[in-house]
Amino acid sequence: MGLTLRQLYYFVAIVKAGSLTKAAGVLHVAPTALSLQIKAMEEDFSVTLLRRHSRGIDVTLAGEDLYTRAQGIIALVETTEAAMRGAKAAMPRCLRLGAPPAIARLIGADAVYGAQERFPGVTIDLFQDWSSLLERKLRLDELDVVVGYGLQSDDTILAIPLQEDEMVFAAAPKIAGGTRPITLAEALAKGLVFYGADSVGWRATVEAAMQAHLPPPPEVHVNSIDLWRAMLCRGMGSTITSFNAIADEHARGQIVVRAIADYPIRRHIATAYRLDTGAREWAVAFSGFIGELISAAQSKLSVAVSSPLDDLTAKSNPF
């Protein structure tokens with residue numbers, strides 16, 4: 001039967017994600033479809049590529065070899081496609097980049113300054129807003145590239161998945177109740193406050209509550225991100241949010257984070273650009289640059305689910 005390009009794309013996505021389920025979410029296909037494609041490759045060539053287990057997958061030696069070769073093939077195909085289309089659109093000298101607050105805080109400075117080194121002569125004009133509003137501005141040609149949550153490809157937009165972001169429960173130490181994992185029901189029962197009704201934290205929390213058959217949180221929103229963070233630090237409410245949005249406050253000990261144990265809330269981060277610009281060549285390169293920044297920043301962030309703060313909390317609340 002022979003290998004197909006789709007099989008190679010699927011295989012690379014599975015290895016990168018570490019599991020069939022996660023790869024299926026990134027690719028927006030059913031896990032069974034991925035499993036059938038991998039099985040077909042293994043049967044065609046009488047070789048084992050992946051070993052499945054409860055925690056995900058392990059890659060065999062044959063699978064590692066295929067992974068390396070597949071990455072090279074995919075890169076060559078993408079380069080060839082760009083050349084065949086004659087995608088000569090030059091990268092804008094001032095690139096308008098849109099990002100929601102959590103992601104802008106995570107990579108904003110590195111994107112602005114790093115782009116000058118990676119793309120000589122190009123400057124970045126960074127705009128912050130909710131992902132849905134940024135996508136709308138992208139369609140209206142008010143932005144060149146958007147990095148955000150829940151971006152989807154269609155006839156006019158190409159979204160390139162980057163990685164997954166997990167929401168956490170966050171509060172000041174005096175009201176957080178320790179740092180160990182918390183259930184979604186326990187988190188919803190606390191005084192949650194969100195940065196705006198369009199924030200990924202609010203929308204993701206409402207969806208998770210519906211899936212868990214729990215009552216949604218009260219609609220308590222603050223439209224100033226500085227005020228929202230100040231309220232959290234002063235113990236005037238708690239929240240469910242991306243760790244990126246409060247990473248600095250967590251590092252200073254002003255905010256404690258707790259993993260949500262029973263209903264993990266995850267959202268995909270992606271970049272997106274318009275297909276009618278003929279910008280595929282530079283947009284793919286820029287998306288890779290943004291993906292590198294996010295991966296590097298995320299690797300430095302660790303959500304502490306158990307720390308000495310538990311002991312401090314216990315000592316300050318002996319009863």
# chains A, B, ... in the order shown; residues from 1 in each chain; ligands from 1
call {"tool": "residues_around", "arguments": {"residues": "segment 121-127 of chain A", "least_positions_apart": "3", "cutoff": "9 Å", "atoms": "only C-alpha atoms", "output": "mmCIF file with C-alpha atoms, in the first residue's frame"}}
result
data_model
loop_
_atom_site.group_PDB
_atom_site.id
_atom_site.type_symbol
_atom_site.label_atom_id
_atom_site.label_comp_id
_atom_site.auth_asym_id
_atom_site.auth_seq_id
_atom_site.Cartn_x
_atom_site.Cartn_y
_atom_site.Cartn_z
ATOM 1 C CA MET A 91 7.024 39.624 5.675
ATOM 2 C CA PRO A 92 5.620 42.985 6.852
ATOM 3 C CA ARG A 93 8.317 45.316 8.107
ATOM 4 C CA CYS A 94 6.039 46.081 11.057
ATOM 5 C CA LEU A 95 4.144 42.924 11.934
ATOM 6 C CA ARG A 96 0.898 43.397 13.854
ATOM 7 C CA LEU A 97 0.690 40.557 16.407
ATOM 8 C CA GLY A 98 -2.374 39.979 18.559
ATOM 9 C CA ALA A 99 -2.323 37.981 21.806
ATOM 10 C CA PRO A 100 -4.596 37.615 24.851
ATOM 11 C CA ALA A 104 1.217 38.449 25.866
ATOM 12 C CA GLY A 108 5.484 39.571 24.728
ATOM 13 C CA ALA A 111 8.548 38.304 20.786
ATOM 14 C CA VAL A 112 9.188 42.029 20.379
ATOM 15 C CA TYR A 113 12.948 41.829 20.897
ATOM 16 C CA ALA A 115 11.946 39.002 16.263
ATOM 17 C CA GLN A 116 14.562 41.636 15.513
ATOM 18 C CA GLU A 117 17.252 38.957 15.715
ATOM 19 C CA ARG A 118 15.311 36.175 13.987
ATOM 20 C CA LEU A 134 -8.329 39.218 17.939
ATOM 21 C CA LEU A 143 -3.733 42.216 12.427
#
call {"tool": "select_by_dssp", "arguments": {"residues": "segment 84-152 of chain A", "states": "strand (DSSP E or B)", "output": "PyMOL selection string"}}
result
chain A and resi 94-99+123-128+145-149
call {"tool": "write_last_selection", "arguments": {"atoms": "C-alpha atoms", "output": "tab-separated table (two decimals), in the first residue's frame"}}
result
chain	number	residue	atom	x	y	z
A	94	CYS	CA	6.04	46.08	11.06
A	95	LEU	CA	4.14	42.92	11.93
A	96	ARG	CA	0.90	43.40	13.85
A	97	LEU	CA	0.69	40.56	16.41
A	98	GLY	CA	-2.37	39.98	18.56
A	99	ALA	CA	-2.32	37.98	21.81
A	123	THR	CA	9.51	45.08	14.22
A	124	ILE	CA	6.56	43.72	16.23
A	125	ASP	CA	3.55	45.82	17.19
A	126	LEU	CA	1.82	43.82	19.94
A	127	PHE	CA	-1.92	44.17	20.58
A	128	GLN	CA	-3.72	42.60	23.57
A	145	VAL	CA	-0.88	37.15	13.01
A	146	VAL	CA	-2.81	36.10	16.12
A	147	VAL	CA	-1.64	33.76	18.87
A	148	GLY	CA	-4.46	32.70	21.16
A	149	TYR	CA	-6.87	30.10	22.47
call {"tool": "residues_around", "arguments": {"residues": "Ile157 of chain A", "least_positions_apart": "5", "cutoff": "8 Å", "atoms": "only C-alpha atoms", "output": "JSON, numbers by chain"}}
result
{"A": [139, 152, 272, 273, 274, 275]}
call {"tool": "write_last_selection", "arguments": {"atoms": "C-alpha atoms", "output": "mmCIF file, in the first residue's frame"}}
result
data_model
loop_
_atom_site.group_PDB
_atom_site.id
_atom_site.type_symbol
_atom_site.label_atom_id
_atom_site.label_comp_id
_atom_site.auth_asym_id
_atom_site.auth_seq_id
_atom_site.Cartn_x
_atom_site.Cartn_y
_atom_site.Cartn_z
ATOM 1 C CA ARG A 139 -10.271 38.716 9.441
ATOM 2 C CA GLN A 152 -9.785 27.290 14.242
ATOM 3 C CA ALA A 272 -3.465 32.015 12.937
ATOM 4 C CA TYR A 273 -3.141 34.088 9.773
ATOM 5 C CA ARG A 274 -5.285 34.855 6.729
ATOM 6 C CA LEU A 275 -4.986 32.634 3.685
#
call {"tool": "closest_atom_pairs", "arguments": {"of": "segment 122-174 of chain A", "to": "segment 15-36 of chain A", "cutoff": "12 Å", "atoms": "only C-alpha atoms", "output": "Markdown table"}}
result
| residue | atom | partner | partner_atom | distance |
| --- | --- | --- | --- | --- |
| A:Gly150 | CA | A:Val26 | CA | 10.8 |
| A:Leu151 | CA | A:Val26 | CA | 11.4 |
| A:Gln152 | CA | A:His28 | CA | 9.8 |
| A:Ser153 | CA | A:His28 | CA | 10.5 |
| A:Ala159 | CA | A:Val26 | CA | 10.9 |
| A:Ile160 | CA | A:Val26 | CA | 9.4 |
| A:Pro161 | CA | A:Val26 | CA | 6.5 |
| A:Leu162 | CA | A:Val26 | CA | 8.6 |
| A:Gln163 | CA | A:Val26 | CA | 8.2 |
| A:Glu164 | CA | A:Val26 | CA | 8.6 |
call {"tool": "write_last_selection", "arguments": {"atoms": "N, CA and C atoms", "output": "PDB file, in the first residue's frame"}}
result
ATOM      1  N   GLY A 150      -8.240  28.552  21.197  1.00  0.00           N
ATOM      2  CA  GLY A 150      -9.433  28.151  20.455  1.00  0.00           C
ATOM      3  C   GLY A 150      -9.490  28.640  19.023  1.00  0.00           C
ATOM      4  N   LEU A 151      -8.358  28.988  18.428  1.00  0.00           N
ATOM      5  CA  LEU A 151      -8.359  29.439  17.040  1.00  0.00           C
ATOM      6  C   LEU A 151      -8.565  28.240  16.116  1.00  0.00           C
ATOM      7  N   GLN A 152      -9.430  28.400  15.136  1.00  0.00           N
ATOM      8  CA  GLN A 152      -9.785  27.290  14.242  1.00  0.00           C
ATOM      9  C   GLN A 152      -9.543  27.659  12.784  1.00  0.00           C
ATOM     10  N   SER A 153      -9.094  26.685  12.000  1.00  0.00           N
ATOM     11  CA  SER A 153      -8.928  26.889  10.560  1.00  0.00           C
ATOM     12  C   SER A 153     -10.283  26.846   9.864  1.00  0.00           C
ATOM     13  N   ALA A 159      -5.089  28.059  11.109  1.00  0.00           N
ATOM     14  CA  ALA A 159      -4.609  28.021  12.488  1.00  0.00           C
ATOM     15  C   ALA A 159      -3.578  26.902  12.624  1.00  0.00           C
ATOM     16  N   ILE A 160      -2.457  27.212  13.251  1.00  0.00           N
ATOM     17  CA  ILE A 160      -1.374  26.245  13.439  1.00  0.00           C
ATOM     18  C   ILE A 160      -1.269  25.932  14.927  1.00  0.00           C
ATOM     19  N   PRO A 161      -1.666  24.720  15.372  1.00  0.00           N
ATOM     20  CA  PRO A 161      -1.611  24.379  16.797  1.00  0.00           C
ATOM     21  C   PRO A 161      -0.180  24.425  17.321  1.00  0.00           C
ATOM     22  N   LEU A 162      -0.013  24.944  18.532  1.00  0.00           N
ATOM     23  CA  LEU A 162       1.302  25.025  19.158  1.00  0.00           C
ATOM     24  C   LEU A 162       1.412  24.068  20.335  1.00  0.00           C
ATOM     25  N   GLN A 163       0.637  24.302  21.386  1.00  0.00           N
ATOM     26  CA  GLN A 163       0.670  23.396  22.520  1.00  0.00           C
ATOM     27  C   GLN A 163      -0.545  23.624  23.407  1.00  0.00           C
ATOM     28  N   GLU A 164      -0.645  22.811  24.445  1.00  0.00           N
ATOM     29  CA  GLU A 164      -1.802  22.828  25.334  1.00  0.00           C
ATOM     30  C   GLU A 164      -1.477  23.608  26.598  1.00  0.00           C
TER      31      GLU A 164
END
call {"tool": "select_by_dssp", "arguments": {"residues": "segment 28-250 of chain A", "states": "helix (DSSP H, G or I)", "output": "PyMOL selection string"}}
result
chain A and resi 31-45+61-85+101-118+131-139+173-176+184-188+200-211+225-233+243-250
call {"tool": "residues_around", "arguments": {"residues": "Glu166 of chain A", "least_positions_apart": "4", "cutoff": "10 Å", "atoms": "only C-alpha atoms", "output": "number ranges by chain"}}
result
A: 201, 241-244, 259-260, 264-268, 303
call {"tool": "write_last_selection", "arguments": {"atoms": "N, CA and C atoms", "output": "compact mmCIF listing (two decimals), in the first residue's frame"}}
result
# COMPACT_ATOMS: atom_id res chain seq x y z
N GLY A 201 -10.27 31.85 30.86
CA GLY A 201 -10.52 31.25 32.16
C GLY A 201 -12.00 31.12 32.45
N THR A 241 -7.68 30.14 36.07
CA THR A 241 -7.04 30.88 35.00
C THR A 241 -5.84 30.12 34.46
N SER A 242 -5.29 30.61 33.37
CA SER A 242 -4.01 30.11 32.89
C SER A 242 -2.93 30.52 33.87
N PHE A 243 -2.03 29.59 34.17
CA PHE A 243 -0.93 29.90 35.07
C PHE A 243 -0.11 31.09 34.55
N ASN A 244 -0.06 31.22 33.23
CA ASN A 244 0.72 32.29 32.63
C ASN A 244 0.24 33.67 33.07
N ALA A 259 -3.66 22.60 41.34
CA ALA A 259 -4.14 21.87 40.17
C ALA A 259 -5.57 21.41 40.42
N ILE A 260 -6.37 21.36 39.35
CA ILE A 260 -7.75 20.87 39.44
C ILE A 260 -7.71 19.37 39.16
N PRO A 264 -9.52 18.27 34.80
CA PRO A 264 -8.50 19.18 34.27
C PRO A 264 -9.08 20.03 33.13
N ILE A 265 -8.79 21.32 33.17
CA ILE A 265 -9.31 22.26 32.17
C ILE A 265 -8.15 22.67 31.28
N ARG A 266 -8.19 22.24 30.02
CA ARG A 266 -7.09 22.51 29.10
C ARG A 266 -7.60 23.21 27.84
N ARG A 267 -6.78 24.08 27.32
CA ARG A 267 -7.09 24.77 26.07
C ARG A 267 -5.85 24.83 25.19
N HIS A 268 -6.05 24.69 23.89
CA HIS A 268 -4.94 24.71 22.96
C HIS A 268 -4.57 26.14 22.58
N VAL A 303 3.86 24.52 38.12
CA VAL A 303 2.71 24.71 39.00
C VAL A 303 2.93 23.87 40.25
call {"tool": "closest_atom_pairs", "arguments": {"of": "segment 131-171 of chain A", "to": "segment 205-216 of chain A", "cutoff": "12 Å", "atoms": "only C-alpha atoms", "output": "Markdown table"}}
result
| residue | atom | partner | partner_atom | distance |
| --- | --- | --- | --- | --- |
| A:Glu166 | CA | A:Thr205 | CA | 11.4 |
| A:Met167 | CA | A:Thr205 | CA | 8.7 |
| A:Val168 | CA | A:Thr205 | CA | 10.1 |
| A:Phe169 | CA | A:Thr205 | CA | 10.3 |
call {"tool": "atom_distance", "arguments": {"atom1": "atom CA of Thr48 of chain A", "atom2": "atom CA of Leu61 of chain A"}}
result
8.9 Å
call {"tool": "closest_residue", "arguments": {"among": "A:Ala247, A:Leu66, A:Ile74, A:Ala270", "to": "Glu135 of chain A", "atoms": "only C-alpha atoms"}}
result
A:Ala270
call {"tool": "atom_distance", "arguments": {"atom1": "atom CA of Ala176 of chain A", "atom2": "atom CA of Arg105 of chain A"}}
result
23.3 Å
call {"tool": "residues_around", "arguments": {"residues": "Asp44 of chain A", "least_positions_apart": "3", "cutoff": "12 Å", "atoms": "only C-alpha atoms", "output": "list in words"}}
result
Met1, Gly2, Leu3, Thr4, Gln37, Ile38, Lys39, Ala40, Met41, Val47, Thr48 and Leu49 of chain A
call {"tool": "closest_atom_pairs", "arguments": {"of": "segment 207-299 of chain A", "to": "segment 170-173 of chain A", "cutoff": "8 Å", "atoms": "only C-alpha atoms", "output": "Markdown table"}}
result
| residue | atom | partner | partner_atom | distance |
| --- | --- | --- | --- | --- |
| A:Leu232 | CA | A:Ala171 | CA | 5.7 |
| A:Cys233 | CA | A:Ala172 | CA | 5.2 |
| A:Arg234 | CA | A:Ala172 | CA | 6.6 |
| A:Gly235 | CA | A:Ala172 | CA | 5.1 |
| A:Gly237 | CA | A:Ala171 | CA | 6.9 |
| A:Ser238 | CA | A:Ala171 | CA | 4.5 |
| A:Thr239 | CA | A:Ala170 | CA | 5.3 |
| A:Ile240 | CA | A:Ala170 | CA | 6.1 |
| A:Thr241 | CA | A:Ala170 | CA | 7.2 |
| A:Gly253 | CA | A:Pro173 | CA | 7.9 |
| A:Gln254 | CA | A:Ala172 | CA | 5.9 |
| A:Ile255 | CA | A:Ala172 | CA | 4.5 |
| A:Val256 | CA | A:Ala171 | CA | 5.5 |
| A:Val257 | CA | A:Ala170 | CA | 4.4 |
| A:Arg258 | CA | A:Ala170 | CA | 6.4 |
call {"tool": "write_last_selection", "arguments": {"atoms": "C-alpha atoms", "output": "CSV table (one decimal), in the first residue's frame"}}
result
chain,number,residue,atom,x,y,z
A,232,LEU,CA,-6.3,38.1,43.9
A,233,CYS,CA,-3.1,39.1,45.7
A,234,ARG,CA,-5.1,40.9,48.5
A,235,GLY,CA,-7.4,37.8,49.0
A,237,GLY,CA,-11.4,36.5,45.6
A,238,SER,CA,-10.0,33.5,43.8
A,239,THR,CA,-10.0,32.4,40.2
A,240,ILE,CA,-9.5,29.7,37.6
A,241,THR,CA,-7.0,30.9,35.0
A,253,GLY,CA,4.6,34.3,46.7
A,254,GLN,CA,1.5,36.5,46.4
A,255,ILE,CA,-0.6,33.9,44.8
A,256,VAL,CA,-0.9,30.1,45.4
A,257,VAL,CA,-1.9,27.8,42.6
A,258,ARG,CA,-3.7,24.4,42.9
